[in-house]
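Notes follow the structure.
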Amino acid sequence: MSSYPPSSPAQPTTLRQRLAGLRGPAVPPRPLDARALAALAANPGCGRRALLDGAGVDKNALATALGSPAAFGQSQFAIVRGNSFEAKVKGDGGAELLRLVHAHLDTAAEPPGSGALVPDLTAAGPEGRAARTALALREATSAKDWTLLDHPMLALEVAGTPAYLEPDAVVVHPDGRWTVVEIKSFPMIDAAADAAKVGAAARQAAVYVLALERIAGKVAGAEVGHTVLLVCPKDFSNLPTAASVDVRRERAVTRRQLDRLTRVEELAAALPEGLSFDPERTAEELAEAVSAVDAAYAPECLAACELAFHCREKARAADEVTALGRSVRGELGALTTVEQALAAAAGGGCADDPTAAALHRAALLRAEALMPAAALPRPHVPESPECPC
C-alpha cells in the first residue's frame with residue numbers, strides 16, 4: 001500500500017482565476033472608468049473589447065506590445081482649458097451651476113438661494129469616498145433642499161468587481177430628484193454643439209445614471225433623472241450655457257452591455273487553454289491571442305479604443321467592408337469583403353441578390369456620368385434655312 005495520501009480531485013478554475021490568467025500572473029486588473037464603459041456602449045457588438053475590459057486587461061500596453069500603440073487622447077492645453085472652465089462653472093458655491101439646473105430642468109421649484117448645500121465628500125480611498133457620497137445623497141434627499149455634490153464617487157459593479165466613477169457633479173433637487181451634470185469644454189454655438197461630442201457625453205452620463213440608480217434604490221424618496229444637464233462654453237466665449245439631454249436610450253444600451261460583461265465567463269470559456277494577453281509575451285503570441293476573440297471594428301473605434309489601429313490593420317488585411325464604416329457595412333448586406341462588392345459592381349454578383357444588382361446599376365450610372373463629352377452621341381440638329389434677306 002502506498003504511503004502517500006490519496007490525491008484530491010482537481011479544483012475547477014474560478015472566473016477570477018481565469019481572468020487573472022488572461023491578464024498575466026503578475027498583472028493587476030485595470031479598473032474601468034466611465035469613458036471606457038461609454039465606449040462599450042458605442043460598440044456593443046465587439047466581443048474583443050468586452051472580454052478585455054471585463055478581464056481588466058491594459059489595452060494600451062497590449063496595443064504597444066503589438067506594435068500599434070494608441071494615438072488619441074486630450075492635449076495638455078485642452079485639459080487645462082477644461083479644468084479652468086469647470087472651476088468657473090462651479091465657482092461661488094456652485095451658484096451658476098445650480099441656476100442652470102433650475103432654469104433648464106426644474107423651473108417649478110423654488111430657485112436655489114445662496115445657502116445651497118455643498119457637502120464635503122473627502123474620505124480615504126475610493127471605497128471611502130463612495131460610502132461618503134452615498135451618505136451625502138441620503139442626507140440631501142432628506143433635507144429637501146438644493147444640494148450640489150462636487151465630484152462625487154460612485155460605485156458600479158462590472159463583471160463582478162466594483163468600478164469607481166467620478167462625475168463632474170450631481171445636483172439633488174428639493175423634491176428628491178438627482179441630476180447628473182456633465183461639464184465639457186467644447187462650445188455650444190447658437191445653442192447647438194457637435195453631435196458626435198454630445199453623443200459621447202450622453203453615453204458617459206448614462207453610466208453615471210446607472211450607478212446612481214443603484215444608490216437611489218436604497219434611499220426613500222429618491223429618484224434619478226434620465227435627463228442630464230450638459231454645460232459648455234457659449235459660442236466663442238468662456239461663459240457657461242447649458243442644454244438638457246435625454247439619456248434613456250444610452251442608458252438602456254449601456255445596461256445591456258454591462259449585463260453582457262457580467263457573462264464574460266462565456267467569452268472566456270470559448271478561448272483555448274493557456275491563452276494570455278500578458279504584455280510580457282512576444283508580439284506573435286499576443287497577436288494570436290487577440291485574433292482568437294472576434295472583433296467588430298468600425299472607424300469610430302479610432303477615437304475610443306486603444307486597440308483600434310491593430311484592429312483596423314487586420315480588417316484591411318482581411319478586405320473586410322467594416323473598415324469602410326458601419327453604414328456601408330449595413331448597406332452591403334451579404335457582401336462582407338471589398339472584393340465581393342467590387343465584383344458585384346462589375347456585374348459578377350449573384351443575379352438574385354438585390355444588393356449586387358443595385359451596386360451594378362450604380363456603377364453603370366457612375367460610368368455614364370463620368371463619360372467624356374466627346375464620347376457622348378451628338379444629337380442631330382437640322383440646318384437652319386438660309387436667311388432670305
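As shown in the C-alpha cells, the chain order sets the letters A, B, ...; within each chain, residues go from 1, and ligands are also counted from 1 in the order they appear.
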>> Taking only region 35-176 of chain A into account, list the residues labelled strand (DSSP E) by DSSP (computed from the backbone), as a PyMOL selection string.
In response: chain A and resi 147-150+154-158+161-165+169-172
Write a file of the just-selected residues containing C-alpha atoms, as a compact mmCIF listing (two decimals), in the first residue's frame.
# COMPACT_ATOMS: atom_id res chain seq x y z
CA THR A 147 -27.60 70.36 -2.90
CA LEU A 148 -24.52 70.25 -5.10
CA LEU A 149 -22.19 67.26 -4.90
CA ASP A 150 -18.87 68.26 -6.46
CA LEU A 154 -19.97 56.33 -7.41
CA ALA A 155 -19.54 52.56 -7.45
CA LEU A 156 -20.91 50.32 -10.19
CA GLU A 157 -20.40 46.57 -10.31
CA VAL A 158 -18.88 45.47 -13.62
CA THR A 161 -15.88 43.80 -9.47
CA PRO A 162 -16.64 47.41 -8.46
CA ALA A 163 -15.78 50.20 -10.89
CA TYR A 164 -15.41 53.62 -9.28
CA LEU A 165 -16.78 56.53 -11.29
CA ALA A 169 -21.33 66.98 -10.41
CA VAL A 170 -24.62 65.62 -9.13
CA VAL A 171 -27.42 68.00 -8.09
CA VAL A 172 -30.14 66.96 -5.64
>> So that I can see what lies close to region 176-185 of chain A, please list as a ChimeraX atom specification the residues with an atom at most 9 Å from it, counting only C-alpha atoms and leaving out residues fewer than 2 positions away in the same chain.
In response: /A:78-79,81-83,85-86,89,97,101,105,137,140-145,167-174,187,201-202,204-206,208-209,212,216,221-233
>> My list of candidates is A:Ala136, A:Leu19, A:Ala243, A:Ala289. Which is closest to Arg48 (chain A) when distances are computed with only C-alpha atoms?
In response: A:Ala289
Proximity check region 190-291 of chain A to region 303-316 of chain A, 12 Å, nearest pairs one decimal Å, only C-alpha atoms, as CSV:
residue,atom,partner,partner_atom,distance
A:Ala196,CA,A:Ala303,CA,10.9
A:Lys197,CA,A:Ala303,CA,11.0
A:Ala200,CA,A:Ala304,CA,9.7
A:Ala283,CA,A:His310,CA,11.9
A:Leu286,CA,A:His310,CA,11.5
A:Ala287,CA,A:His310,CA,9.2
A:Glu288,CA,A:Lys314,CA,11.8
A:Val290,CA,A:Cys311,CA,9.4
A:Ser291,CA,A:Lys314,CA,9.0
Go ahead and save the picked residues with N, CA and C atoms, as a compact mmCIF listing (two decimals), in the first residue's frame.
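File produced: selection_9.txt:
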# COMPACT_ATOMS: atom_id res chain seq x y z
N ALA A 196 -21.50 64.51 -32.48
CA ALA A 196 -20.69 63.38 -32.03
C ALA A 196 -20.21 63.56 -30.60
N LYS A 197 -19.83 64.79 -30.27
CA LYS A 197 -19.35 65.05 -28.91
C LYS A 197 -20.50 65.00 -27.90
N ALA A 200 -21.19 61.33 -27.25
CA ALA A 200 -20.21 60.74 -26.33
C ALA A 200 -20.48 61.16 -24.89
N ALA A 283 5.22 39.44 -29.42
CA ALA A 283 4.20 40.07 -30.25
C ALA A 283 3.43 39.03 -31.05
N LEU A 286 0.90 37.40 -28.69
CA LEU A 286 -0.19 38.32 -28.38
C LEU A 286 -1.11 38.49 -29.58
N ALA A 287 -0.55 38.57 -30.78
CA ALA A 287 -1.37 38.71 -31.98
C ALA A 287 -2.26 37.48 -32.15
N GLU A 288 -1.73 36.31 -31.86
CA GLU A 288 -2.53 35.09 -31.95
C GLU A 288 -3.65 35.08 -30.91
N VAL A 290 -5.08 37.76 -29.49
CA VAL A 290 -6.07 38.77 -29.83
C VAL A 290 -6.96 38.28 -30.98
N SER A 291 -6.38 37.63 -31.95
CA SER A 291 -7.16 37.15 -33.10
C SER A 291 -8.13 36.04 -32.72
>> Calculated over only C-alpha atoms, which of the candidates A:Val321, A:Asp352, A:Arg203, A:Leu365 has the smallest distance to Gln257 (chain A)?
In response: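 Ranking A:Val321, A:Asp352, A:Arg203, A:Leu365 by distance to Gln257 (chain A), first place goes to A:Arg203.
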> Please, which residues of region 2-228 of chain A, numbered as in this document, come out helix (DSSP H, G or I) from DSSP, as a ChimeraX atom specification?
Replying inline: /A:15-23,34-42,47-55,59-65,76-89,91-105,125-143,195-216
